[in-house]
Each structure stands twice: as structure tokens, then as C-alpha cells.
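Right, one structure below, let's go through it.
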Amino acid sequence: MVSIYGMSAVERLPSFARLTSLRRLELGQMKLLESIHPALDAPNLEELHLHKFVNVTPEDVTAIKTHATLLSFDWVAENVPDHVWFPIREAIALPKTRSLHPEEWFSLRL
């Protein structure tokens with residue numbers, strides 16, 4: 001699992017293509033991030049959980065919908081207007097990811 005949160009100055013992510021063991025990804029509160037697309041290069045990603053404001057482009061939506069191994073998606077959009085996140089959540093139509101708390105991170109094998 002990788003959780004990247006509150007990196008408000010980050011504009012671009014590197015490709016996650018080499019992260020072959022990555023099963024769950026959490027991204028949150030990254031206002032300047034142009035796209036989550038490089039993270040979707042993770043070949044065995046099963047869960048994608050967004051929290052608060054993260055830019056999700058139409059290309060990201062397509063990549064999420066067509067990702068070969070992605071099983072669940074959710075966006076806890078506390079500070080995001082409904083007209084931004086709700087159509088994306090509906091378009092993706094995957095089961096919701098489960099919420100995890102830090103104390104659970106080390107006891108789960110993801």
C-alpha cells in the first residue's frame with residue numbers, strides 16, 4: 001500500500017509501472033497535481049482511494065475504467081464540490097474501496 005497525502009506542491013507523479021507489488025493506492029489533498037495517470041501505471045493495482053481534493057482528468061477516468069486489475073475505487077471528497085467528484089464516481093462504477101486507518105496498515109497484506 002502507498003498513501004500520499006497533503007503534498008500540496010506536487011504537480012506530477014512519476015510512473016508507478018515498476019511498483020509491481022502495489023495493490024492499494026491512496027492519494028489525497030494534492031491540489032496542484034495535474035493528473036493521477038502515472039500512478040495508474042501500477043500493473044497490479046486493485047484499490048484506488050482518493051481523499052479530499054485531487055485533480056482527476058477525463059483521461060484518468062478512462063484509465064481507471066480500463067485498468068486491467070483495478071477492483072475498487074472511491075473518493076472521500078470532503079472539500080470537493082459535488083459537481084466535480086460525483087460524475088467521476090458515477091462514471092467509474094466500481095465497488096467502493098474500504099476505508100483504512102493507519103493502525104490497520106501493517107496488519108493487512110495488500
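Following the order of the C-alpha cells, first chain is A, next is B, and so on, with residues numbered from 1 inside each chain and ligands from 1 in the order they appear.
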
Going by DSSP on the backbone, which bits of stretch 14-106 of chain A are strand (DSSP E)? Write them as a PDB file with N, CA and C atoms, in the first residue's frame, please.
```
ATOM      1  N   ARG A  24      -2.832  -1.377  -3.291  1.00  0.00           N
ATOM      2  CA  ARG A  24      -3.731  -0.304  -2.864  1.00  0.00           C
ATOM      3  C   ARG A  24      -2.975   1.025  -2.915  1.00  0.00           C
ATOM      4  N   LEU A  25      -3.648   2.038  -3.447  1.00  0.00           N
ATOM      5  CA  LEU A  25      -3.079   3.379  -3.529  1.00  0.00           C
ATOM      6  C   LEU A  25      -4.081   4.372  -2.964  1.00  0.00           C
ATOM      7  N   GLU A  26      -3.602   5.220  -2.063  1.00  0.00           N
ATOM      8  CA  GLU A  26      -4.409   6.297  -1.510  1.00  0.00           C
ATOM      9  C   GLU A  26      -3.724   7.618  -1.867  1.00  0.00           C
ATOM     10  N   LEU A  27      -4.465   8.515  -2.483  1.00  0.00           N
ATOM     11  CA  LEU A  27      -3.964   9.846  -2.818  1.00  0.00           C
ATOM     12  C   LEU A  27      -4.919  10.863  -2.234  1.00  0.00           C
ATOM     13  N   GLY A  28      -4.375  11.928  -1.648  1.00  0.00           N
ATOM     14  CA  GLY A  28      -5.272  12.917  -1.080  1.00  0.00           C
ATOM     15  C   GLY A  28      -4.668  14.281  -0.901  1.00  0.00           C
ATOM     16  N   GLN A  29      -5.531  15.267  -1.007  1.00  0.00           N
ATOM     17  CA  GLN A  29      -5.215  16.664  -0.774  1.00  0.00           C
ATOM     18  C   GLN A  29      -3.957  17.088  -1.537  1.00  0.00           C
ATOM     19  N   MET A  30      -4.035  16.937  -2.844  1.00  0.00           N
ATOM     20  CA  MET A  30      -2.920  17.301  -3.733  1.00  0.00           C
ATOM     21  C   MET A  30      -3.464  18.255  -4.800  1.00  0.00           C
ATOM     22  N   GLU A  47      -6.935  -1.447  -5.662  1.00  0.00           N
ATOM     23  CA  GLU A  47      -7.767  -0.479  -4.951  1.00  0.00           C
ATOM     24  C   GLU A  47      -7.197   0.928  -5.137  1.00  0.00           C
ATOM     25  N   LEU A  48      -8.074   1.868  -5.482  1.00  0.00           N
ATOM     26  CA  LEU A  48      -7.688   3.275  -5.590  1.00  0.00           C
ATOM     27  C   LEU A  48      -8.636   4.077  -4.723  1.00  0.00           C
ATOM     28  N   HIS A  49      -8.063   4.775  -3.755  1.00  0.00           N
ATOM     29  CA  HIS A  49      -8.864   5.555  -2.802  1.00  0.00           C
ATOM     30  C   HIS A  49      -8.370   6.998  -2.822  1.00  0.00           C
ATOM     31  N   LEU A  50      -9.238   7.920  -3.232  1.00  0.00           N
ATOM     32  CA  LEU A  50      -8.906   9.340  -3.239  1.00  0.00           C
ATOM     33  C   LEU A  50      -9.550  10.006  -2.035  1.00  0.00           C
ATOM     34  N   HIS A  51      -8.852  10.993  -1.493  1.00  0.00           N
ATOM     35  CA  HIS A  51      -9.359  11.690  -0.318  1.00  0.00           C
ATOM     36  C   HIS A  51      -9.156  13.186  -0.508  1.00  0.00           C
ATOM     37  N   LYS A  52     -10.225  13.917  -0.324  1.00  0.00           N
ATOM     38  CA  LYS A  52     -10.265  15.366  -0.494  1.00  0.00           C
ATOM     39  C   LYS A  52      -9.929  15.736  -1.941  1.00  0.00           C
ATOM     40  N   PHE A  53      -9.258  16.882  -2.133  1.00  0.00           N
ATOM     41  CA  PHE A  53      -9.101  17.385  -3.500  1.00  0.00           C
ATOM     42  C   PHE A  53      -7.912  16.755  -4.219  1.00  0.00           C
ATOM     43  N   VAL A  54      -8.205  16.123  -5.340  1.00  0.00           N
ATOM     44  CA  VAL A  54      -7.208  15.562  -6.249  1.00  0.00           C
ATOM     45  C   VAL A  54      -7.744  15.799  -7.658  1.00  0.00           C
ATOM     46  N   SER A  72     -11.647  -1.837  -7.142  1.00  0.00           N
ATOM     47  CA  SER A  72     -12.472  -0.915  -6.373  1.00  0.00           C
ATOM     48  C   SER A  72     -11.902   0.501  -6.425  1.00  0.00           C
ATOM     49  N   PHE A  73     -12.814   1.461  -6.246  1.00  0.00           N
ATOM     50  CA  PHE A  73     -12.476   2.875  -6.315  1.00  0.00           C
ATOM     51  C   PHE A  73     -13.422   3.643  -5.409  1.00  0.00           C
ATOM     52  N   ASP A  74     -12.879   4.640  -4.728  1.00  0.00           N
ATOM     53  CA  ASP A  74     -13.746   5.555  -4.002  1.00  0.00           C
ATOM     54  C   ASP A  74     -13.043   6.893  -3.858  1.00  0.00           C
ATOM     55  N   TRP A  75     -13.855   7.913  -3.597  1.00  0.00           N
ATOM     56  CA  TRP A  75     -13.351   9.266  -3.420  1.00  0.00           C
ATOM     57  C   TRP A  75     -14.100   9.878  -2.251  1.00  0.00           C
ATOM     58  N   VAL A  76     -13.416  10.039  -1.135  1.00  0.00           N
ATOM     59  CA  VAL A  76     -13.968  10.735   0.014  1.00  0.00           C
ATOM     60  C   VAL A  76     -13.691  12.212  -0.239  1.00  0.00           C
TER      61      VAL A  76
END
```

- request: Determine, counting only C-alpha atoms, which protein, DNA and RNA residues have an atom within 10 Å of an atom of stretch 55-65 of chain A; residues of the same chain fewer than 6 positions away are not included. Present the result as a PyMOL selection string.
  value: chain A and resi 28-41+48+71-73+84-85+88-89+91-94

task: Could you give me, as an MDAnalysis selection string, each residue of chain A that DSSP assigns to helix (DSSP H, G or I) when run on this structure's backbone?
output: chainID A and resid 37:41 58:66 82:92 102:105

Preceding selection exported with C-alpha atoms as a short mmCIF file (atom, residue, chain, number, x, y, z; two decimals), in the first residue's frame:
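After the write, part37.cif holds the following:
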```cif
data_model
loop_
_atom_site.label_atom_id
_atom_site.label_comp_id
_atom_site.auth_asym_id
_atom_site.auth_seq_id
_atom_site.Cartn_x
_atom_site.Cartn_y
_atom_site.Cartn_z
CA HIS A 37 -2.48 8.87 -14.63
CA PRO A 38 1.18 7.96 -13.84
CA ALA A 39 0.01 6.21 -10.67
CA LEU A 40 -2.34 4.09 -12.74
CA ASP A 41 0.71 2.53 -14.42
CA PRO A 58 -11.09 12.62 -18.31
CA GLU A 59 -8.06 10.57 -19.37
CA ASP A 60 -7.64 9.42 -15.76
CA VAL A 61 -11.27 8.28 -15.70
CA THR A 62 -10.74 6.25 -18.87
CA ALA A 63 -7.54 4.73 -17.44
CA ILE A 64 -9.33 3.79 -14.22
CA LYS A 65 -12.24 2.22 -16.08
CA THR A 66 -9.95 0.20 -18.34
CA ASP A 82 -20.36 17.63 -5.77
CA HIS A 83 -20.43 18.68 -9.42
CA VAL A 84 -16.70 17.81 -9.64
CA TRP A 85 -16.41 14.44 -7.94
CA PHE A 86 -19.86 12.88 -8.19
CA PRO A 87 -19.93 12.46 -12.01
CA ILE A 88 -16.47 10.88 -11.84
CA ARG A 89 -17.51 8.44 -9.10
CA GLU A 90 -20.62 7.52 -11.07
CA ALA A 91 -18.73 7.13 -14.37
CA ILE A 92 -16.23 4.72 -12.86
CA PRO A 102 -3.23 3.88 10.00
CA GLU A 103 -3.33 1.29 12.76
CA GLU A 104 -4.62 -1.22 10.18
CA TRP A 105 -1.89 -0.62 7.60
#
```

Residue neighbourhood A:Thr69, 8 Å, only C-alpha atoms, exclusion window fewer than 2 positions, as a CSV table (one decimal) with C-alpha atoms, in the first residue's frame:
```
chain,number,residue,atom,x,y,z
A,43,PRO,CA,0.3,-3.1,-13.1
A,44,ASN,CA,-1.3,-4.9,-10.2
A,45,LEU,CA,-3.3,-2.1,-8.6
A,46,GLU,CA,-6.5,-3.4,-7.1
A,67,HIS,CA,-7.3,-0.7,-15.8
A,71,LEU,CA,-11.3,-3.9,-8.5
```

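For the set A:Ser3, A:Asn79, A:Ser21, A:Ser15, the residue with the smallest atom-to-atom gap to A:Leu100 is A:Ser3, counting only C-alpha atoms.
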
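Atom CA of A:Leu70 sits 8.7 Å away from atom CA of A:Arg23.
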
Who sits within 8 Å of A:Ala42, only C-alpha atoms, same chain under 5 positions skipped, as a ChimeraX atom specification: /A:15-20,22
